[in-house]
Amino acid sequence: MKHWTERIASDLTNWDVEKHVVASGTSISGSIHIGNSCDVFIANAVGKSLQKLGEDSKTIWIADDHDPLRKVPYPLPESYEKYLGIPYSQIPCPEGCCENFVEHFQKPFLETLPVFGIDLETYSGFKMYQDGIYNDYIKKSLERAPKIREIFNQYREHPLAEDWLPYNPICNECGRVNTTTAYNYQGNTVYYRCQCGHEGEMDIKSGNGKLTWRVEWAARWKIFGVTCEPFGKDHAASGGSYDVSKVISKEIFNYRAPYPVPYEWITLKGDAMSKSKGVFFTPGQWLEIGTPETLNYFLFRSKPLKHKDFDPGMSFLDFIDQYDRVERIYYDIEEAASEKEMEKLKKIYEVSQINMADSAPFQTSYRFLTVARQITDDLEKIFQILKRNSQLSEDMEGMEYTDLDEDAKIRLGSRLENVENWLDKYAPEFVKFNVQETLPEVQLNEMQEVFLLQVADLLEKNDYNSQELHDQMYLILKELGLKPQKAFQAIYKVIIGKKQGPRAASFVLSLDKDFIIKRFRKEA
Ligand SMILES: [Zn+2]
Ligand SMILES: [Zn+2]
């Protein structure tokens, strides 16, 4: 069974090229999030698959940093509106910490890529213009403007003006690039009008302008020899950017358009990610709460055009449970529902890995750690809590924390760190608790008090696992004629001063036994 990224790579092996270039690109219009950086992850996976198939291949990333600012990104102040229409490359760093706006937003993104095992050559659209890499393509596009206009018009309702040119100079007066119209050219000189009232001329070799997007995209394919490129589905619409650039690539630049991999946007809790509204989630934010492999898994578990929604709240715990299950299936610790499911899940797991472990990595339940971590931050104590709650595999039963190998310690430590961040940033209030050092002032009825006393007696005499304690507590509450909800409320009230909390039996076992017995007897 092939993963979809492998199927693309395998299709590409039929192309008669010396080397494959898988391209990705991102508009630097604000923070780069998991939605608009999808193509980087897909491009990297396809590139790696190509290499596995013995093909020469590289992955490139182009920052679309010469495009005009269209909306002020979150969290920049309104004062940035004065830069609307100005190329990102010409806007200052909002916090004065970097060379400019572009560096400010692309740096955090590029810095996370090695963690994801993503290795790519990076290019700046702005620099490409400055360095004259587009010069021949600009000249050719100006010469072939009538043909390009004709191609564009095939997809347009309202035809372009007769003197339209596929090039936008940056206005010498107001600095904007989306307000200028080039209407004539001679040699390397382009004549333009700007909405600000300025009329001017500029030299295409100065780099102070850019090709119309669809022409630029096609030019870029040929410049880099791109053979495959993932892109957001907005470019993939019928008659959209890809369709038009494909024709231009062939007709104007005599180059075969790359293998397209359109992908669906990722929504955040049902909302479209928006850099201007501040609705986004970045790969860096992901790494605070999960491993890089889990983001890969999120992106690769379904086909690229399948809708994906991300919710870092409670659903994230379900998501991690699912990932852990797939990991156990991969290492034959757990069985999948069917042979077919097993094959599929193993493949997705494999594609998501950055460095494949030889044997099943040490696993602890993320969900369980969200409880344990609120009881203590001491690793050895947490290990004890895991043991008392049968959270470890059988072969680890006799082990202490210090017996763990280095890899297991690192995994436990980093998962705890992820859990801490999740609790801090995304956990809903109802999962948060604080074990009260002294008995909180709470009202219990007589039956609830008797219930706690009887549980305390049992705990004093026995060593239970969580299922056994759970069963014992049910026997007691039934005998007392107490509703389960009321009984468990009593437990939460005296320990954390709240009416609800984590699963009661396992929670009780997670805490120090002497402490619990005393607390249930109101002695501490
Ligand atoms: Zn900065
Ligand atoms: Zn102007």
# chains A, B, ... in the order shown; residues from 1 in each chain; ligands from 1

call {"tool": "residues_near_ligand", "arguments": {"ligand": "ligand 2", "cutoff": "10 Å", "atoms": "only C-alpha atoms and all ligand atoms", "output": "PyMOL selection string"}}
result
chain A and resi 85-86+169-180+192-200

call {"tool": "closest_atom_pairs", "arguments": {"of": "chain A", "to": "ligand 1", "cutoff": "8 Å", "atoms": "only C-alpha atoms and all ligand atoms", "output": "CSV"}}
result
residue,atom,partner,partner_atom_place_in_ligand_line,distance
A:Cys93,CA,ligand 1,1 (Zn),4.8
A:Pro94,CA,ligand 1,1 (Zn),6.1
A:Glu95,CA,ligand 1,1 (Zn),5.0
A:Gly96,CA,ligand 1,1 (Zn),5.4
A:Cys97,CA,ligand 1,1 (Zn),3.8
A:Cys98,CA,ligand 1,1 (Zn),3.8
A:Glu99,CA,ligand 1,1 (Zn),7.0
A:Asn100,CA,ligand 1,1 (Zn),6.7
A:Phe101,CA,ligand 1,1 (Zn),6.7
A:Glu103,CA,ligand 1,1 (Zn),6.7
A:His104,CA,ligand 1,1 (Zn),3.9
A:Phe105,CA,ligand 1,1 (Zn),7.4

call {"tool": "residues_around", "arguments": {"residues": "Arg149 of chain A", "least_positions_apart": "5", "cutoff": "9 Å", "atoms": "only C-alpha atoms", "output": "PDB file with N, CA, C and O atoms, in the first residue's frame"}}
result
ATOM      1  N   ARG A 144       5.757  39.424 -25.231  1.00  0.00           N
ATOM      2  CA  ARG A 144       4.628  38.539 -25.550  1.00  0.00           C
ATOM      3  C   ARG A 144       3.334  38.971 -24.858  1.00  0.00           C
ATOM      4  O   ARG A 144       2.396  38.181 -24.722  1.00  0.00           O
ATOM      5  N   GLN A 154      -9.111  34.488 -21.846  1.00  0.00           N
ATOM      6  CA  GLN A 154      -9.892  33.260 -22.004  1.00  0.00           C
ATOM      7  C   GLN A 154     -10.564  32.862 -20.695  1.00  0.00           C
ATOM      8  O   GLN A 154     -11.538  32.128 -20.675  1.00  0.00           O
ATOM      9  N   PRO A 159     -12.528  41.513 -20.398  1.00  0.00           N
ATOM     10  CA  PRO A 159     -11.170  41.442 -20.958  1.00  0.00           C
ATOM     11  C   PRO A 159     -10.264  42.556 -20.437  1.00  0.00           C
ATOM     12  O   PRO A 159     -10.733  43.625 -20.045  1.00  0.00           O
ATOM     13  N   LEU A 160      -8.982  42.278 -20.432  1.00  0.00           N
ATOM     14  CA  LEU A 160      -7.998  43.265 -19.980  1.00  0.00           C
ATOM     15  C   LEU A 160      -7.863  44.369 -21.028  1.00  0.00           C
ATOM     16  O   LEU A 160      -8.124  44.152 -22.214  1.00  0.00           O
ATOM     17  N   ALA A 161      -7.412  45.549 -20.572  1.00  0.00           N
ATOM     18  CA  ALA A 161      -7.248  46.684 -21.487  1.00  0.00           C
ATOM     19  C   ALA A 161      -6.215  46.351 -22.565  1.00  0.00           C
ATOM     20  O   ALA A 161      -5.314  45.537 -22.345  1.00  0.00           O
ATOM     21  N   GLU A 162      -6.364  46.990 -23.708  1.00  0.00           N
ATOM     22  CA  GLU A 162      -5.482  46.743 -24.858  1.00  0.00           C
ATOM     23  C   GLU A 162      -4.010  47.000 -24.535  1.00  0.00           C
ATOM     24  O   GLU A 162      -3.123  46.341 -25.067  1.00  0.00           O
ATOM     25  N   TRP A 164      -2.643  46.716 -21.562  1.00  0.00           N
ATOM     26  CA  TRP A 164      -2.258  46.020 -20.312  1.00  0.00           C
ATOM     27  C   TRP A 164      -0.925  45.289 -20.480  1.00  0.00           C
ATOM     28  O   TRP A 164      -0.672  44.661 -21.514  1.00  0.00           O
ATOM     29  N   LEU A 165      -0.090  45.392 -19.467  1.00  0.00           N
ATOM     30  CA  LEU A 165       1.187  44.672 -19.486  1.00  0.00           C
ATOM     31  C   LEU A 165       1.277  43.797 -18.232  1.00  0.00           C
ATOM     32  O   LEU A 165       0.821  44.207 -17.162  1.00  0.00           O
ATOM     33  N   PRO A 166       1.866  42.613 -18.354  1.00  0.00           N
ATOM     34  CA  PRO A 166       1.898  41.678 -17.211  1.00  0.00           C
ATOM     35  C   PRO A 166       2.980  42.039 -16.193  1.00  0.00           C
ATOM     36  O   PRO A 166       3.771  41.194 -15.779  1.00  0.00           O
TER      37      PRO A 166
END

call {"tool": "closest_atom_pairs", "arguments": {"of": "segment 440-463 of chain A", "to": "segment 471-485 of chain A", "cutoff": "7 Å", "atoms": "only C-alpha atoms", "output": "JSON lines"}}
result
{"residue": "A:Met447", "atom": "CA", "partner": "A:Leu480", "partner_atom": "CA", "distance": 6.8}
{"residue": "A:Phe451", "atom": "CA", "partner": "A:Leu477", "partner_atom": "CA", "distance": 6.6}
{"residue": "A:Val455", "atom": "CA", "partner": "A:Met473", "partner_atom": "CA", "distance": 6.8}

call {"tool": "atom_distance", "arguments": {"atom1": "atom CA of Lys275 of chain A", "atom2": "atom CA of Ser79 of chain A"}}
result
16.6 Å

call {"tool": "closest_atom_pairs", "arguments": {"of": "segment 275-368 of chain A", "to": "segment 231-240 of chain A", "cutoff": "12 Å", "atoms": "only C-alpha atoms", "output": "JSON lines"}}
result
{"residue": "A:Pro304", "atom": "CA", "partner": "A:Lys233", "partner_atom": "CA", "distance": 9.5}
{"residue": "A:Leu305", "atom": "CA", "partner": "A:Lys233", "partner_atom": "CA", "distance": 7.8}
{"residue": "A:Lys306", "atom": "CA", "partner": "A:Lys233", "partner_atom": "CA", "distance": 10.8}
{"residue": "A:His307", "atom": "CA", "partner": "A:Lys233", "partner_atom": "CA", "distance": 11.0}

call {"tool": "atom_distance", "arguments": {"atom1": "atom CA of Trp213 of chain A", "atom2": "atom CA of Val247 of chain A"}}
result
13.7 Å

call {"tool": "atom_distance", "arguments": {"atom1": "atom CA of Tyr464 of chain A", "atom2": "atom CA of Lys387 of chain A"}}
result
11.7 Å

call {"tool": "residues_around", "arguments": {"residues": "Gln500 of chain A", "least_positions_apart": "2", "cutoff": "7 Å", "atoms": "only C-alpha atoms", "output": "ChimeraX atom specification"}}
result
/A:489,492,498

call {"tool": "closest_residue", "arguments": {"among": "A:Asp163, A:Tyr185, A:Asp64, A:Tyr191", "to": "Tyr129 of chain A", "atoms": "only C-alpha atoms"}}
result
A:Asp64

call {"tool": "select_by_dssp", "arguments": {"residues": "segment 187-369 of chain A", "states": "helix (DSSP H, G or I)", "output": "PyMOL selection string"}}
result
chain A and resi 204-206+213-224+233-236+241-251+283-289+292-300+314-330+339-352+366-369

call {"tool": "residues_around", "arguments": {"residues": "segment 28-36 of chain A", "least_positions_apart": "6", "cutoff": "8 Å", "atoms": "only C-alpha atoms", "output": "PyMOL selection string"}}
result
chain A and resi 63-65+69-71+73-74+88+102+105-106+109+232+265-267+273+275-276+280-283

call {"tool": "select_by_dssp", "arguments": {"residues": "segment 124-258 of chain A", "states": "strand (DSSP E)", "output": "number ranges by chain"}}
result
A: 124, 167-169, 180-186, 189-194, 199-203, 209-211, 228-232

call {"tool": "closest_atom_pairs", "arguments": {"of": "segment 61-145 of chain A", "to": "segment 342-357 of chain A", "cutoff": "9 Å", "atoms": "only C-alpha atoms", "output": "Markdown table"}}
result
| residue | atom | partner | partner_atom | distance |
| --- | --- | --- | --- | --- |
| A:Val115 | CA | A:Ile354 | CA | 8.8 |
| A:Phe116 | CA | A:Ile354 | CA | 6.8 |
| A:Gly117 | CA | A:Ile354 | CA | 5.9 |
| A:Ile118 | CA | A:Ile354 | CA | 8.9 |

call {"tool": "write_last_selection", "arguments": {"atoms": "C-alpha atoms", "output": "PDB file, in the first residue's frame"}}
result
ATOM      1  CA  VAL A 115      12.748  20.043  14.177  1.00  0.00           C
ATOM      2  CA  PHE A 116      10.379  18.607  11.570  1.00  0.00           C
ATOM      3  CA  GLY A 117      13.311  17.149   9.657  1.00  0.00           C
ATOM      4  CA  ILE A 118      12.523  19.488   6.782  1.00  0.00           C
TER       5      ILE A 118
END

call {"tool": "closest_residue", "arguments": {"among": "A:Met128, A:Leu120, A:Val431, A:Leu295", "to": "Asn208 of chain A", "atoms": "only C-alpha atoms"}}
result
A:Met128

call {"tool": "closest_residue", "arguments": {"among": "A:Gln467, A:Asn44, A:Gln51, A:Ser57", "to": "Glu18 of chain A", "atoms": "only C-alpha atoms"}}
result
A:Ser57

call {"tool": "residues_around", "arguments": {"residues": "Lys140 of chain A", "least_positions_apart": "3", "cutoff": "12 Å", "atoms": "only C-alpha atoms", "output": "MDAnalysis selection string"}}
result
chainID A and resid 134:137 143:148 165:167 187:188 204 211 215:216 219 248 251:254

call {"tool": "closest_residue", "arguments": {"among": "A:Ile333, A:Leu268, A:Val226, A:Ala490", "to": "Ser393 of chain A", "atoms": "only C-alpha atoms"}}
result
A:Ile333

call {"tool": "decode", "arguments": {"residues": "segment 108-142 of chain A", "atoms": "N, CA and C atoms", "output": "PDB file, in the first residue's frame"}}
result
ATOM      1  N   PRO A 108      10.559  32.788  12.786  1.00  0.00           N
ATOM      2  CA  PRO A 108      10.047  31.745  13.693  1.00  0.00           C
ATOM      3  C   PRO A 108       9.654  30.477  12.940  1.00  0.00           C
ATOM      4  N   PHE A 109       9.185  30.653  11.709  1.00  0.00           N
ATOM      5  CA  PHE A 109       8.774  29.499  10.908  1.00  0.00           C
ATOM      6  C   PHE A 109       9.993  28.693  10.459  1.00  0.00           C
ATOM      7  N   LEU A 110      10.956  29.387   9.867  1.00  0.00           N
ATOM      8  CA  LEU A 110      12.139  28.684   9.352  1.00  0.00           C
ATOM      9  C   LEU A 110      12.895  27.982  10.477  1.00  0.00           C
ATOM     10  N   GLU A 111      12.871  28.604  11.670  1.00  0.00           N
ATOM     11  CA  GLU A 111      13.595  28.009  12.792  1.00  0.00           C
ATOM     12  C   GLU A 111      13.000  26.672  13.236  1.00  0.00           C
ATOM     13  N   THR A 112      11.695  26.482  13.005  1.00  0.00           N
ATOM     14  CA  THR A 112      11.091  25.219  13.447  1.00  0.00           C
ATOM     15  C   THR A 112      11.326  24.088  12.437  1.00  0.00           C
ATOM     16  N   LEU A 113      11.660  24.426  11.194  1.00  0.00           N
ATOM     17  CA  LEU A 113      11.732  23.387  10.157  1.00  0.00           C
ATOM     18  C   LEU A 113      12.700  22.237  10.455  1.00  0.00           C
ATOM     19  N   PRO A 114      13.911  22.530  10.976  1.00  0.00           N
ATOM     20  CA  PRO A 114      14.811  21.402  11.269  1.00  0.00           C
ATOM     21  C   PRO A 114      14.198  20.420  12.267  1.00  0.00           C
ATOM     22  N   VAL A 115      13.390  20.924  13.200  1.00  0.00           N
ATOM     23  CA  VAL A 115      12.748  20.043  14.177  1.00  0.00           C
ATOM     24  C   VAL A 115      11.838  19.043  13.455  1.00  0.00           C
ATOM     25  N   PHE A 116      11.256  19.483  12.345  1.00  0.00           N
ATOM     26  CA  PHE A 116      10.379  18.607  11.570  1.00  0.00           C
ATOM     27  C   PHE A 116      11.165  17.779  10.550  1.00  0.00           C
ATOM     28  N   GLY A 117      12.487  17.892  10.604  1.00  0.00           N
ATOM     29  CA  GLY A 117      13.311  17.149   9.657  1.00  0.00           C
ATOM     30  C   GLY A 117      13.149  17.660   8.236  1.00  0.00           C
ATOM     31  N   ILE A 118      12.738  18.927   8.112  1.00  0.00           N
ATOM     32  CA  ILE A 118      12.523  19.488   6.782  1.00  0.00           C
ATOM     33  C   ILE A 118      13.778  20.231   6.338  1.00  0.00           C
ATOM     34  N   ASP A 119      14.247  19.814   5.177  1.00  0.00           N
ATOM     35  CA  ASP A 119      15.492  20.348   4.672  1.00  0.00           C
ATOM     36  C   ASP A 119      15.182  20.950   3.311  1.00  0.00           C
ATOM     37  N   LEU A 120      15.276  22.269   3.194  1.00  0.00           N
ATOM     38  CA  LEU A 120      14.975  22.862   1.897  1.00  0.00           C
ATOM     39  C   LEU A 120      15.852  24.067   1.603  1.00  0.00           C
ATOM     40  N   GLU A 121      15.944  24.379   0.316  1.00  0.00           N
ATOM     41  CA  GLU A 121      16.661  25.583  -0.093  1.00  0.00           C
ATOM     42  C   GLU A 121      15.662  26.722  -0.044  1.00  0.00           C
ATOM     43  N   THR A 122      16.050  27.834   0.579  1.00  0.00           N
ATOM     44  CA  THR A 122      15.106  28.941   0.674  1.00  0.00           C
ATOM     45  C   THR A 122      15.495  30.080  -0.261  1.00  0.00           C
ATOM     46  N   TYR A 123      14.485  30.698  -0.843  1.00  0.00           N
ATOM     47  CA  TYR A 123      14.698  31.828  -1.742  1.00  0.00           C
ATOM     48  C   TYR A 123      13.753  32.958  -1.379  1.00  0.00           C
ATOM     49  N   SER A 124      14.198  34.164  -1.688  1.00  0.00           N
ATOM     50  CA  SER A 124      13.357  35.332  -1.469  1.00  0.00           C
ATOM     51  C   SER A 124      12.941  35.872  -2.830  1.00  0.00           C
ATOM     52  N   GLY A 125      11.628  36.014  -3.033  1.00  0.00           N
ATOM     53  CA  GLY A 125      11.125  36.559  -4.291  1.00  0.00           C
ATOM     54  C   GLY A 125      11.725  37.939  -4.541  1.00  0.00           C
ATOM     55  N   PHE A 126      11.784  38.732  -3.487  1.00  0.00           N
ATOM     56  CA  PHE A 126      12.342  40.083  -3.571  1.00  0.00           C
ATOM     57  C   PHE A 126      13.782  40.055  -4.081  1.00  0.00           C
ATOM     58  N   LYS A 127      14.583  39.163  -3.473  1.00  0.00           N
ATOM     59  CA  LYS A 127      15.998  39.078  -3.864  1.00  0.00           C
ATOM     60  C   LYS A 127      16.144  38.600  -5.302  1.00  0.00           C
ATOM     61  N   MET A 128      15.246  37.693  -5.693  1.00  0.00           N
ATOM     62  CA  MET A 128      15.319  37.203  -7.072  1.00  0.00           C
ATOM     63  C   MET A 128      15.151  38.353  -8.062  1.00  0.00           C
ATOM     64  N   TYR A 129      14.243  39.283  -7.733  1.00  0.00           N
ATOM     65  CA  TYR A 129      14.074  40.456  -8.605  1.00  0.00           C
ATOM     66  C   TYR A 129      15.302  41.352  -8.530  1.00  0.00           C
ATOM     67  N   GLN A 130      15.782  41.565  -7.301  1.00  0.00           N
ATOM     68  CA  GLN A 130      16.961  42.417  -7.113  1.00  0.00           C
ATOM     69  C   GLN A 130      18.165  41.865  -7.867  1.00  0.00           C
ATOM     70  N   ASP A 131      18.311  40.545  -7.837  1.00  0.00           N
ATOM     71  CA  ASP A 131      19.473  39.909  -8.457  1.00  0.00           C
ATOM     72  C   ASP A 131      19.316  39.724  -9.966  1.00  0.00           C
ATOM     73  N   GLY A 132      18.183  40.158 -10.491  1.00  0.00           N
ATOM     74  CA  GLY A 132      18.005  40.102 -11.945  1.00  0.00           C
ATOM     75  C   GLY A 132      17.640  38.737 -12.495  1.00  0.00           C
ATOM     76  N   ILE A 133      17.280  37.807 -11.605  1.00  0.00           N
ATOM     77  CA  ILE A 133      16.962  36.453 -12.062  1.00  0.00           C
ATOM     78  C   ILE A 133      15.726  36.448 -12.964  1.00  0.00           C
ATOM     79  N   TYR A 134      14.823  37.408 -12.725  1.00  0.00           N
ATOM     80  CA  TYR A 134      13.604  37.464 -13.533  1.00  0.00           C
ATOM     81  C   TYR A 134      13.763  38.297 -14.811  1.00  0.00           C
ATOM     82  N   ASN A 135      14.897  39.005 -14.955  1.00  0.00           N
ATOM     83  CA  ASN A 135      15.018  39.983 -16.054  1.00  0.00           C
ATOM     84  C   ASN A 135      14.604  39.457 -17.430  1.00  0.00           C
ATOM     85  N   ASP A 136      15.165  38.308 -17.818  1.00  0.00           N
ATOM     86  CA  ASP A 136      14.843  37.768 -19.149  1.00  0.00           C
ATOM     87  C   ASP A 136      13.360  37.419 -19.252  1.00  0.00           C
ATOM     88  N   TYR A 137      12.801  36.986 -18.134  1.00  0.00           N
ATOM     89  CA  TYR A 137      11.390  36.587 -18.135  1.00  0.00           C
ATOM     90  C   TYR A 137      10.487  37.814 -18.215  1.00  0.00           C
ATOM     91  N   ILE A 138      10.939  38.903 -17.588  1.00  0.00           N
ATOM     92  CA  ILE A 138      10.156  40.142 -17.670  1.00  0.00           C
ATOM     93  C   ILE A 138      10.161  40.631 -19.120  1.00  0.00           C
ATOM     94  N   LYS A 139      11.354  40.623 -19.714  1.00  0.00           N
ATOM     95  CA  LYS A 139      11.472  41.083 -21.108  1.00  0.00           C
ATOM     96  C   LYS A 139      10.584  40.263 -22.026  1.00  0.00           C
ATOM     97  N   LYS A 140      10.688  38.962 -21.869  1.00  0.00           N
ATOM     98  CA  LYS A 140       9.903  38.073 -22.717  1.00  0.00           C
ATOM     99  C   LYS A 140       8.405  38.314 -22.502  1.00  0.00           C
ATOM    100  N   SER A 141       8.012  38.506 -21.246  1.00  0.00           N
ATOM    101  CA  SER A 141       6.596  38.707 -20.939  1.00  0.00           C
ATOM    102  C   SER A 141       6.089  40.015 -21.532  1.00  0.00           C
ATOM    103  N   LEU A 142       6.952  41.043 -21.539  1.00  0.00           N
ATOM    104  CA  LEU A 142       6.534  42.316 -22.133  1.00  0.00           C
ATOM    105  C   LEU A 142       6.385  42.148 -23.644  1.00  0.00           C
TER     106      LEU A 142
END
